[in-house]
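S.K.: Structure file final.tsv (TSV, C-alpha atoms) is given on the next line.
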```tsv
chain	number	residue	atom	x	y	z
A	293	MET	CA	0.28	-0.55	29.87
A	294	ASN	CA	2.04	-3.74	30.95
A	295	ASN	CA	2.13	-6.20	28.03
A	296	GLY	CA	2.36	-9.20	30.37
A	297	TRP	CA	-0.78	-8.07	32.21
A	298	THR	CA	-2.60	-7.48	28.91
A	299	SER	CA	-1.56	-10.88	27.59
A	300	ASN	CA	-2.79	-12.63	30.76
A	301	LEU	CA	-6.11	-10.76	30.61
A	302	LEU	CA	-6.63	-11.76	26.97
A	303	LYS	CA	-5.81	-15.39	27.71
A	304	ALA	CA	-8.17	-15.43	30.70
A	305	ASN	CA	-11.02	-14.02	28.60
A	306	ALA	CA	-10.20	-16.41	25.76
A	307	SER	CA	-10.67	-19.41	28.04
A	308	LYS	CA	-14.05	-18.04	29.22
A	309	LEU	CA	-15.17	-17.46	25.62
A	310	LEU	CA	-14.05	-20.95	24.68
A	311	ALA	CA	-16.03	-22.38	27.59
A	312	ILE	CA	-19.26	-20.78	26.34
A	313	GLY	CA	-18.73	-21.85	22.74
A	314	CYS	CA	-17.19	-18.76	21.10
A	315	ALA	CA	-14.15	-20.57	19.71
A	316	PRO	CA	-13.22	-18.18	16.84
A	317	LEU	CA	-13.21	-15.14	19.12
A	318	ALA	CA	-11.39	-17.09	21.84
A	319	VAL	CA	-8.64	-18.17	19.46
A	320	GLY	CA	-8.18	-14.59	18.25
A	321	LEU	CA	-7.87	-13.26	21.80
A	322	ALA	CA	-5.51	-16.03	22.90
A	323	LEU	CA	-3.18	-15.37	19.99
A	324	GLY	CA	-3.38	-11.60	20.42
A	325	THR	CA	-4.82	-11.22	16.92
A	326	PRO	CA	-8.13	-9.69	15.96
A	327	ALA	CA	-11.08	-12.06	15.61
A	328	TRP	CA	-11.47	-10.95	11.97
A	329	ALA	CA	-7.92	-12.06	11.06
A	330	GLY	CA	-9.20	-14.84	8.81
A	331	SER	CA	-12.13	-12.90	7.37
A	332	PRO	CA	-11.28	-9.73	5.46
A	333	THR	CA	-13.94	-7.04	5.64
A	334	HIS	CA	-12.38	-4.36	3.40
A	335	GLN	CA	-10.46	-3.97	0.17
A	336	ILE	CA	-7.65	-1.46	-0.03
A	337	VAL	CA	-7.43	-0.23	-3.62
A	338	LEU	CA	-4.36	1.69	-4.79
A	339	ASN	CA	-4.49	3.24	-8.28
A	340	VAL	CA	-1.35	4.66	-9.88
A	341	GLN	CA	-2.67	7.26	-12.31
A	342	GLU	CA	0.45	9.07	-13.56
A	343	VAL	CA	4.21	8.66	-13.54
A	344	LYS	CA	6.57	11.29	-14.95
A	345	ALA	CA	10.27	10.54	-15.38
A	346	LEU	CA	12.35	13.48	-14.15
A	347	ASP	CA	15.73	11.90	-14.96
A	348	LYS	CA	17.07	9.33	-17.39
A	349	TYR	CA	16.83	5.91	-15.73
A	350	ASP	CA	19.11	4.02	-18.13
A	351	GLU	CA	22.20	5.30	-19.97
A	352	LEU	CA	21.61	3.49	-23.26
A	353	SER	CA	17.83	3.13	-23.48
A	354	LEU	CA	14.49	4.25	-22.13
A	355	GLY	CA	13.46	2.90	-18.72
A	356	ASP	CA	11.30	-0.18	-18.21
A	357	ILE	CA	9.23	0.69	-15.15
A	358	TYR	CA	6.79	-1.06	-12.85
A	359	ALA	CA	5.42	-0.53	-9.34
A	360	ARG	CA	5.89	-2.86	-6.41
A	361	ILE	CA	3.24	-2.21	-3.77
A	362	THR	CA	3.03	-3.77	-0.32
A	363	ILE	CA	-0.27	-3.51	1.55
A	364	ALA	CA	-0.60	-5.02	5.03
A	365	GLY	CA	2.47	-7.20	4.44
A	366	THR	CA	1.44	-8.58	1.03
A	367	THR	CA	3.54	-7.44	-1.96
A	368	GLN	CA	2.19	-7.23	-5.50
A	369	SER	CA	3.79	-5.94	-8.70
A	370	THR	CA	2.25	-4.23	-11.70
A	371	PRO	CA	3.00	-5.09	-15.33
A	372	ILE	CA	6.24	-3.63	-16.73
A	373	LEU	CA	5.96	-0.68	-19.10
A	374	LYS	CA	8.82	-1.40	-21.50
A	375	GLN	CA	10.92	1.36	-23.07
A	376	THR	CA	8.54	4.10	-21.99
A	377	ALA	CA	10.23	6.27	-19.38
A	378	ALA	CA	11.59	9.17	-21.46
A	379	VAL	CA	12.56	12.25	-19.43
A	380	GLY	CA	9.58	14.57	-19.06
A	381	GLN	CA	7.10	12.08	-20.50
A	382	VAL	CA	3.90	11.65	-18.48
A	383	LEU	CA	2.74	8.04	-18.45
A	384	LYS	CA	-0.80	7.07	-17.50
A	385	PRO	CA	-0.33	3.39	-16.59
A	386	ASP	CA	-3.69	2.98	-14.81
A	387	TRP	CA	-2.15	0.38	-12.50
A	388	GLN	CA	-4.49	-0.95	-9.81
A	389	ILE	CA	-3.55	-3.09	-6.82
A	390	ILE	CA	-6.27	-4.53	-4.57
A	391	GLN	CA	-5.67	-6.20	-1.20
A	392	ASN	CA	-8.30	-7.65	1.14
A	393	VAL	CA	-7.81	-6.71	4.80
A	394	GLY	CA	-9.63	-6.50	8.10
A	395	PRO	CA	-10.78	-3.24	9.67
A	396	GLY	CA	-8.17	-0.90	11.12
A	397	VAL	CA	-4.87	0.73	10.24
A	398	HIS	CA	-2.67	-0.96	7.62
A	399	PRO	CA	0.82	-0.10	6.36
A	400	VAL	CA	1.36	0.63	2.66
A	401	LYS	CA	4.66	0.83	0.78
A	402	VAL	CA	4.90	2.08	-2.81
A	403	GLU	CA	8.06	1.51	-4.87
A	404	LEU	CA	8.64	2.52	-8.47
A	405	ILE	CA	11.21	0.25	-10.11
A	406	ASP	CA	13.30	0.47	-13.29
A	407	LYS	CA	13.69	-3.12	-14.55
A	408	ASP	CA	17.25	-3.82	-15.67
A	409	LEU	CA	19.06	-6.94	-16.85
A	410	SER	CA	21.59	-6.92	-14.02
A	411	GLN	CA	19.89	-5.21	-11.09
A	412	ASP	CA	16.58	-3.37	-10.78
A	413	ASP	CA	16.82	0.26	-9.64
A	414	VAL	CA	14.40	1.89	-7.21
A	415	ILE	CA	13.23	5.24	-8.59
A	416	ASP	CA	13.14	8.19	-6.17
A	417	MET	CA	9.57	9.45	-5.51
A	418	ASN	CA	10.12	10.77	-2.01
A	419	ARG	CA	11.10	14.39	-1.33
A	420	LEU	CA	12.92	13.30	1.83
A	421	PRO	CA	16.65	12.63	1.38
A	422	ASN	CA	17.74	8.97	1.21
A	423	ARG	CA	14.11	7.73	1.19
A	424	ARG	CA	13.22	6.68	-2.36
A	425	VAL	CA	10.00	4.78	-1.56
A	426	LEU	CA	6.72	6.01	-0.08
A	427	GLU	CA	5.49	4.52	3.19
A	428	PHE	CA	2.21	5.46	4.85
A	429	THR	CA	-0.85	3.95	6.52
A	430	ILE	CA	-4.52	3.73	5.67
A	431	ASP	CA	-7.25	3.47	8.28
A	432	THR	CA	-10.11	1.49	6.73
A	433	ARG	CA	-12.54	2.61	9.45
A	434	ARG	CA	-12.04	6.36	8.95
A	435	CYS	CA	-10.87	6.14	5.32
A	436	ARG	CA	-7.79	8.27	6.11
A	437	ILE	CA	-4.29	8.10	4.67
A	438	GLU	CA	-1.57	9.20	7.10
A	439	GLY	CA	2.21	9.39	7.01
A	440	PHE	CA	2.74	12.39	4.73
A	441	ALA	CA	3.14	16.06	5.71
A	442	SER	CA	-0.66	16.27	5.36
A	443	ASP	CA	-3.27	13.57	5.83
A	444	TYR	CA	-5.62	12.63	2.99
A	445	ASN	CA	-9.12	11.25	2.70
A	446	CYS	CA	-9.66	8.14	0.59
A	447	LYS	CA	-9.84	8.74	-3.16
A	448	SER	CA	-7.92	12.04	-2.89
A	449	PRO	CA	-5.12	12.35	-5.47
A	450	ILE	CA	-1.70	12.13	-3.83
A	451	SER	CA	1.33	13.43	-5.78
A	452	ARG	CA	4.93	12.99	-4.71
A	453	THR	CA	8.16	14.01	-6.41
A	454	GLY	CA	11.66	12.66	-5.85
A	455	LYS	CA	14.70	14.94	-5.59
A	456	GLU	CA	17.62	12.54	-6.06
A	457	ALA	CA	19.12	10.88	-9.16
A	458	LYS	CA	16.70	8.67	-11.10
A	459	ALA	CA	13.68	10.63	-9.85
A	460	ALA	CA	10.02	10.58	-10.81
A	461	GLU	CA	6.76	12.26	-9.99
A	462	ILE	CA	3.91	9.91	-9.15
A	463	THR	CA	0.19	10.53	-8.71
A	464	PHE	CA	-2.03	7.91	-7.11
A	465	THR	CA	-5.18	7.39	-5.05
A	466	VAL	CA	-5.95	5.01	-2.21
A	467	ASP	CA	-9.40	3.82	-1.21
A	468	ALA	CA	-10.86	1.44	1.39
A	469	ARG	CA	-14.05	-0.31	0.34
A	470	PRO	CA	-16.18	-2.65	2.42
A	471	ILE	CA	-16.36	-6.14	0.96
A	472	ARG	CA	-19.94	-6.85	0.09
A	473	SER	CA	-20.97	-10.46	0.53
A	474	GLU	CA	-22.95	-11.98	-2.29
A	475	VAL	CA	-26.46	-12.96	-1.23
A	476	SER	CA	-28.08	-15.57	-3.39
A	477	SER	CA	-31.75	-15.12	-4.22
A	478	ARG	CA	-34.10	-18.05	-4.11
```
Now, as a test, write the supplied structure out as structure tokens.

M.R.:
Amino acid sequence: MNNGWTSNLLKANASKLLAIGCAPLAVGLALGTPAWAGSPTHQIVLNVQEVKALDKYDELSLGDIYARITIAGTTQSTPILKQTAAVGQVLKPDWQIIQNVGPGVHPVKVELIDKDLSQDDVIDMNRLPNRRVLEFTIDTRRCRIEGFASDYNCKSPISRTGKEAKAAEITFTVDARPIRSEVSSR
């Protein structure tokens, strides 16, 4: 499909919508963004349930770990678990990140970080070589997680294990919930 042709078609329809009083939809079409861009309709909820250190993260002490999660371009970090990442220990941090989004497919990036005084280290959770972080997408319409060897339905436990130095095993779930508007009773 020719992007110039598509752009011109969108702009032509946007001017017609504007003429009949549909300004929000017209603006969305003219900019090439969905009409819902300013009004989230779903919440993506990522829950980190377990983290198991497979290697020693720090030479002189236990690791101080946290997760940095990016959903649809917005990055959030969990609280730091201080001095807890002993090799073989299974942690149950119960970290939850929630991001409001519109309908459709959204990118997700999960990083597990060892907090250090000088420089934070990214922990390997990805079985692929030279890819320490996890990157995938969630479709809020179909409630499907894609980007792994197998696709998952929402709320299905996903476990991944790193193979390189400073590795961990992580188990998490991802869900897409509709945002329910509050209706006041009179």

S.K.: Excluding Gln341 of chain A and residues on its chain fewer than 5 positions from it, collect all residues at most 9 Å away from it, counting only C-alpha atoms, and give them as a list in words.

M.R.: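 Non-adjacent residues within range: Leu383, Lys384, Pro385, Asp386, Trp387, Gln388, Pro449, Ile462, Thr463, Phe464 and Thr465 of chain A.
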
S.K.: Hey, what's within 9 Å of Glu456 of chain A if we count only C-alpha atoms and toss same-chain stuff fewer than 5 positions away? As a list in words, please?

M.R.: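 Non-adjacent residues within range: Ile415, Asp416, Met417, Asn418, Arg419, Pro421, Asn422 and Arg424 of chain A.
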
S.K.: Near Thr429 of chain A, counting all atoms listed in the file, which residues have an atom at most 8 Å away, once you skip same-chain residues fewer than 5 positions from it, shown as a list in words?

M.R.: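 Selected residues are Val397, His398, Pro399, Val400, Ile437, Glu438 and Gly439 of chain A.
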
S.K.: Hey, can you check how far atom CA of Val425 of chain A sits from atom CA of Gln411 of chain A?

M.R.: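 Computing it gives 17.0 Å between the two atoms.
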
S.K.: Do you have the atom CA of Glu461 of chain A-atom CA of Leu346 of chain A distance handy?

M.R.: 7.1 Å
